[in-house]
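Note sheet for the following structure.
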Amino acid sequence: MARSKDPTAARPGGRTPGDRGARLSRSFGWLALLGVVLAVAGLVGLVYAGLATLTTMLLFGWLLLVGGVVGLLHAVQSRGSNFFWLGVVVAALNLAAGVVVIRRPDVAAEALTMFAALLFLTGGVFRLVGSLVVRGPQFGWTLVQGAFGLLLGILVLGGWPSSSQYVIGCFFSLALLFDGLGLIATGIGGRRVVSLVQPEETVKTAEERQEQSRN
């Protein structure tokens, strides 16, 4: 008489499709929870834009410091190579920039806001000119993008340096908000897909049990 086999024994670790589906569903749930945290942080940052700007600049300064230390250690490990002094110079610049940003975050925010305004102005002008010259299939969308970038650059530059107190924080908070909303959508969508696929796997497992019991 043939011995019936346990359907879970043929799978690695003895896990059933239901177990894997539950773990995958929990993973998507944690992803959605992370999205909620990021979205809430983005909303709080939009309300307290000045504090968000200060936090962003301090975080940016510490990232520069950490990057400078890591780059310096990497340059020391690769001493004797052709890129040793280049690595030392880049690491020193990162360290110096990190110290300046941490000591004077307000001045760093003004400089970064000025750079962002010039970037918006340049990008807007190039998009406007490019859309008028090329007139491709995306003419209208490119024209709107160019006009929006140009207007945003003029507004930021017109209110500088007082605009530096909230512009960086607003941009960072908006990035957190949209990233959080994207993670929430991914987590909820993933849980729905898992809930749709899991019953099919359960039916297949039941059919396998019936077939093995016949043998």
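Residues are referred to by chain and number: the chain letter is A, B, ... according to the order shown in the structure tokens, the number counts from 1 in that chain, and ligands are numbered separately from 1 in the order shown.
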### Message
Would you pick out the contacts of Val76 (chain A) at 12 Å or less, using only C-alpha atoms, so that residues sharing its chain but fewer than 3 positions from it are not included, and give the list as a ChimeraX atom specification?
### Response
/A:69-73,79-81,83-89,91
### Contacts of Leu33 (chain A) within 10 Å, only C-alpha atoms, excl. fewer than 3 positions in-chain, as an MDAnalysis selection string
chainID A and resid 27:30 36:39 180 183:184 187:188
Expected file contents, prior selection, N, CA, C and O atoms, as a short mmCIF file (atom, residue, chain, number, x, y, z; two decimals), in the first residue's frame:
```cif
data_model
loop_
_atom_site.label_atom_id
_atom_site.label_comp_id
_atom_site.auth_asym_id
_atom_site.auth_seq_id
_atom_site.Cartn_x
_atom_site.Cartn_y
_atom_site.Cartn_z
N SER A 27 4.15 41.72 5.02
CA SER A 27 5.20 42.58 4.49
C SER A 27 4.60 43.79 3.78
O SER A 27 5.06 44.93 3.97
N PHE A 28 3.56 43.56 2.99
CA PHE A 28 2.89 44.69 2.34
C PHE A 28 2.21 45.60 3.36
O PHE A 28 2.12 46.82 3.17
N GLY A 29 1.73 45.01 4.46
CA GLY A 29 1.14 45.83 5.52
C GLY A 29 2.16 46.74 6.18
O GLY A 29 1.88 47.91 6.44
N TRP A 30 3.37 46.21 6.44
CA TRP A 30 4.44 47.05 7.00
C TRP A 30 4.84 48.14 6.01
O TRP A 30 5.16 49.27 6.41
N VAL A 36 2.40 55.48 5.62
CA VAL A 36 1.60 56.36 6.48
C VAL A 36 2.52 57.27 7.31
O VAL A 36 2.26 58.48 7.45
N VAL A 37 3.61 56.69 7.85
CA VAL A 37 4.54 57.48 8.65
C VAL A 37 5.17 58.59 7.81
O VAL A 37 5.26 59.75 8.23
N LEU A 38 5.60 58.23 6.58
CA LEU A 38 6.20 59.24 5.70
C LEU A 38 5.20 60.31 5.30
O LEU A 38 5.53 61.51 5.25
N ALA A 39 3.96 59.90 5.02
CA ALA A 39 2.95 60.88 4.63
C ALA A 39 2.64 61.84 5.78
O ALA A 39 2.49 63.05 5.58
N GLY A 180 5.32 58.69 0.61
CA GLY A 180 4.45 57.97 1.52
C GLY A 180 3.17 57.50 0.85
O GLY A 180 2.73 56.37 1.05
N LEU A 183 3.96 54.51 -1.27
CA LEU A 183 4.13 53.28 -0.49
C LEU A 183 2.79 52.76 0.02
O LEU A 183 2.57 51.54 0.08
N ILE A 184 1.90 53.67 0.41
CA ILE A 184 0.57 53.24 0.86
C ILE A 184 -0.18 52.54 -0.27
O ILE A 184 -0.78 51.47 -0.08
N GLY A 187 1.43 49.12 -0.83
CA GLY A 187 1.10 48.16 0.22
C GLY A 187 -0.33 47.66 0.14
O GLY A 187 -0.59 46.46 0.23
N ILE A 188 -1.28 48.58 -0.07
CA ILE A 188 -2.69 48.18 -0.16
C ILE A 188 -2.92 47.33 -1.41
O ILE A 188 -3.60 46.30 -1.36
#
```
### Task
Write out as an MDAnalysis selection string each polymer residue whose atoms come within 12 Å of Leu59 (chain A), counting only C-alpha atoms; drop sequence neighbours fewer than 3 positions from it.
chainID A and resid 52:56 62:66 98:99 101:102 105 169 172
Keeping only N, CA and C atoms, take the residues you just selected and write them out as an mmCIF file, in the first residue's frame.
```
data_model
loop_
_atom_site.group_PDB
_atom_site.id
_atom_site.type_symbol
_atom_site.label_atom_id
_atom_site.label_comp_id
_atom_site.auth_asym_id
_atom_site.auth_seq_id
_atom_site.Cartn_x
_atom_site.Cartn_y
_atom_site.Cartn_z
ATOM 1 N N ALA A 52 11.123 72.277 9.182
ATOM 2 C CA ALA A 52 11.497 71.258 8.201
ATOM 3 C C ALA A 52 12.732 71.680 7.415
ATOM 4 N N THR A 53 12.836 72.975 7.105
ATOM 5 C CA THR A 53 14.031 73.459 6.406
ATOM 6 C C THR A 53 15.277 73.295 7.260
ATOM 7 N N LEU A 54 15.176 73.677 8.523
ATOM 8 C CA LEU A 54 16.316 73.534 9.430
ATOM 9 C C LEU A 54 16.705 72.068 9.591
ATOM 10 N N THR A 55 15.718 71.195 9.758
ATOM 11 C CA THR A 55 15.998 69.758 9.902
ATOM 12 C C THR A 55 16.634 69.196 8.645
ATOM 13 N N THR A 56 16.137 69.622 7.491
ATOM 14 C CA THR A 56 16.689 69.129 6.224
ATOM 15 C C THR A 56 18.142 69.543 6.061
ATOM 16 N N TRP A 62 25.039 66.477 8.097
ATOM 17 C CA TRP A 62 25.550 65.234 8.675
ATOM 18 C C TRP A 62 25.814 64.176 7.610
ATOM 19 N N LEU A 63 24.989 64.140 6.574
ATOM 20 C CA LEU A 63 25.250 63.209 5.468
ATOM 21 C C LEU A 63 26.561 63.548 4.761
ATOM 22 N N LEU A 64 26.830 64.842 4.600
ATOM 23 C CA LEU A 64 28.107 65.253 4.015
ATOM 24 C C LEU A 64 29.276 64.831 4.896
ATOM 25 N N LEU A 65 29.121 64.996 6.212
ATOM 26 C CA LEU A 65 30.183 64.583 7.123
ATOM 27 C C LEU A 65 30.429 63.083 7.062
ATOM 28 N N VAL A 66 29.368 62.308 7.110
ATOM 29 C CA VAL A 66 29.517 60.846 7.043
ATOM 30 C C VAL A 66 30.122 60.426 5.712
ATOM 31 N N GLY A 98 30.163 69.831 5.082
ATOM 32 C CA GLY A 98 29.318 69.363 6.175
ATOM 33 C C GLY A 98 29.442 70.223 7.408
ATOM 34 N N VAL A 99 30.671 70.622 7.746
ATOM 35 C CA VAL A 99 30.885 71.487 8.916
ATOM 36 C C VAL A 99 30.216 72.843 8.713
ATOM 37 N N VAL A 101 27.641 73.590 6.742
ATOM 38 C CA VAL A 101 26.181 73.458 6.743
ATOM 39 C C VAL A 101 25.649 73.285 8.163
ATOM 40 N N ILE A 102 26.336 72.493 8.984
ATOM 41 C CA ILE A 102 25.877 72.268 10.351
ATOM 42 C C ILE A 102 26.034 73.531 11.206
ATOM 43 N N PRO A 105 23.296 76.610 9.163
ATOM 44 C CA PRO A 105 22.257 76.031 8.293
ATOM 45 C C PRO A 105 21.425 77.090 7.586
ATOM 46 N N GLY A 169 12.271 73.251 3.037
ATOM 47 C CA GLY A 169 11.403 72.407 3.860
ATOM 48 C C GLY A 169 10.148 71.969 3.125
ATOM 49 N N PHE A 172 11.152 69.224 0.576
ATOM 50 C CA PHE A 172 11.445 67.971 1.262
ATOM 51 C C PHE A 172 10.168 67.333 1.808
#
```
### Query
Nearest to Ala96 (chain A) among A:Ala111, A:Ala75, A:Gly67, A:Leu181, with distances taken over only C-alpha atoms: which residue is it?
A:Gly67
#### Entry: Contacts of Ala147 (chain A) within 9 Å, only C-alpha atoms, excl. fewer than 4 positions in-chain, as a PyMOL selection string
chain A and resi 124-125+127-128+142-143+151-152
Can you write just those residues out, N, CA and C atoms, as a PDB file, in the first residue's frame?
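See again.pdb below for the written result:
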```pdb
ATOM      1  N   GLY A 124      13.024  75.974 -16.895  1.00  0.00           N
ATOM      2  CA  GLY A 124      11.804  76.493 -17.501  1.00  0.00           C
ATOM      3  C   GLY A 124      12.050  77.156 -18.840  1.00  0.00           C
ATOM      4  N   VAL A 125      13.115  77.953 -18.941  1.00  0.00           N
ATOM      5  CA  VAL A 125      13.436  78.613 -20.207  1.00  0.00           C
ATOM      6  C   VAL A 125      13.760  77.588 -21.290  1.00  0.00           C
ATOM      7  N   ARG A 127      12.809  74.452 -21.467  1.00  0.00           N
ATOM      8  CA  ARG A 127      11.600  73.718 -21.862  1.00  0.00           C
ATOM      9  C   ARG A 127      10.693  74.570 -22.739  1.00  0.00           C
ATOM     10  N   LEU A 128      10.556  75.843 -22.397  1.00  0.00           N
ATOM     11  CA  LEU A 128       9.717  76.719 -23.214  1.00  0.00           C
ATOM     12  C   LEU A 128      10.278  76.863 -24.624  1.00  0.00           C
ATOM     13  N   THR A 142       4.928  69.928 -22.421  1.00  0.00           N
ATOM     14  CA  THR A 142       6.243  70.533 -22.232  1.00  0.00           C
ATOM     15  C   THR A 142       6.140  72.036 -22.037  1.00  0.00           C
ATOM     16  N   LEU A 143       5.216  72.667 -22.739  1.00  0.00           N
ATOM     17  CA  LEU A 143       5.013  74.111 -22.588  1.00  0.00           C
ATOM     18  C   LEU A 143       4.524  74.444 -21.182  1.00  0.00           C
ATOM     19  N   LEU A 151       7.843  80.179 -13.714  1.00  0.00           N
ATOM     20  CA  LEU A 151       7.095  80.928 -12.709  1.00  0.00           C
ATOM     21  C   LEU A 151       7.577  80.595 -11.296  1.00  0.00           C
ATOM     22  N   LEU A 152       7.839  79.324 -11.036  1.00  0.00           N
ATOM     23  CA  LEU A 152       8.318  78.925  -9.714  1.00  0.00           C
ATOM     24  C   LEU A 152       9.685  79.541  -9.415  1.00  0.00           C
TER      25      LEU A 152
END
```
### Message
When DSSP is applied to the backbone of this structure, which of chain A are assigned alpha helix (DSSP H)? Write them out as a ChimeraX atom specification.
### Response
/A:17-47,49-77,84-103,105-134,139-158,167-214
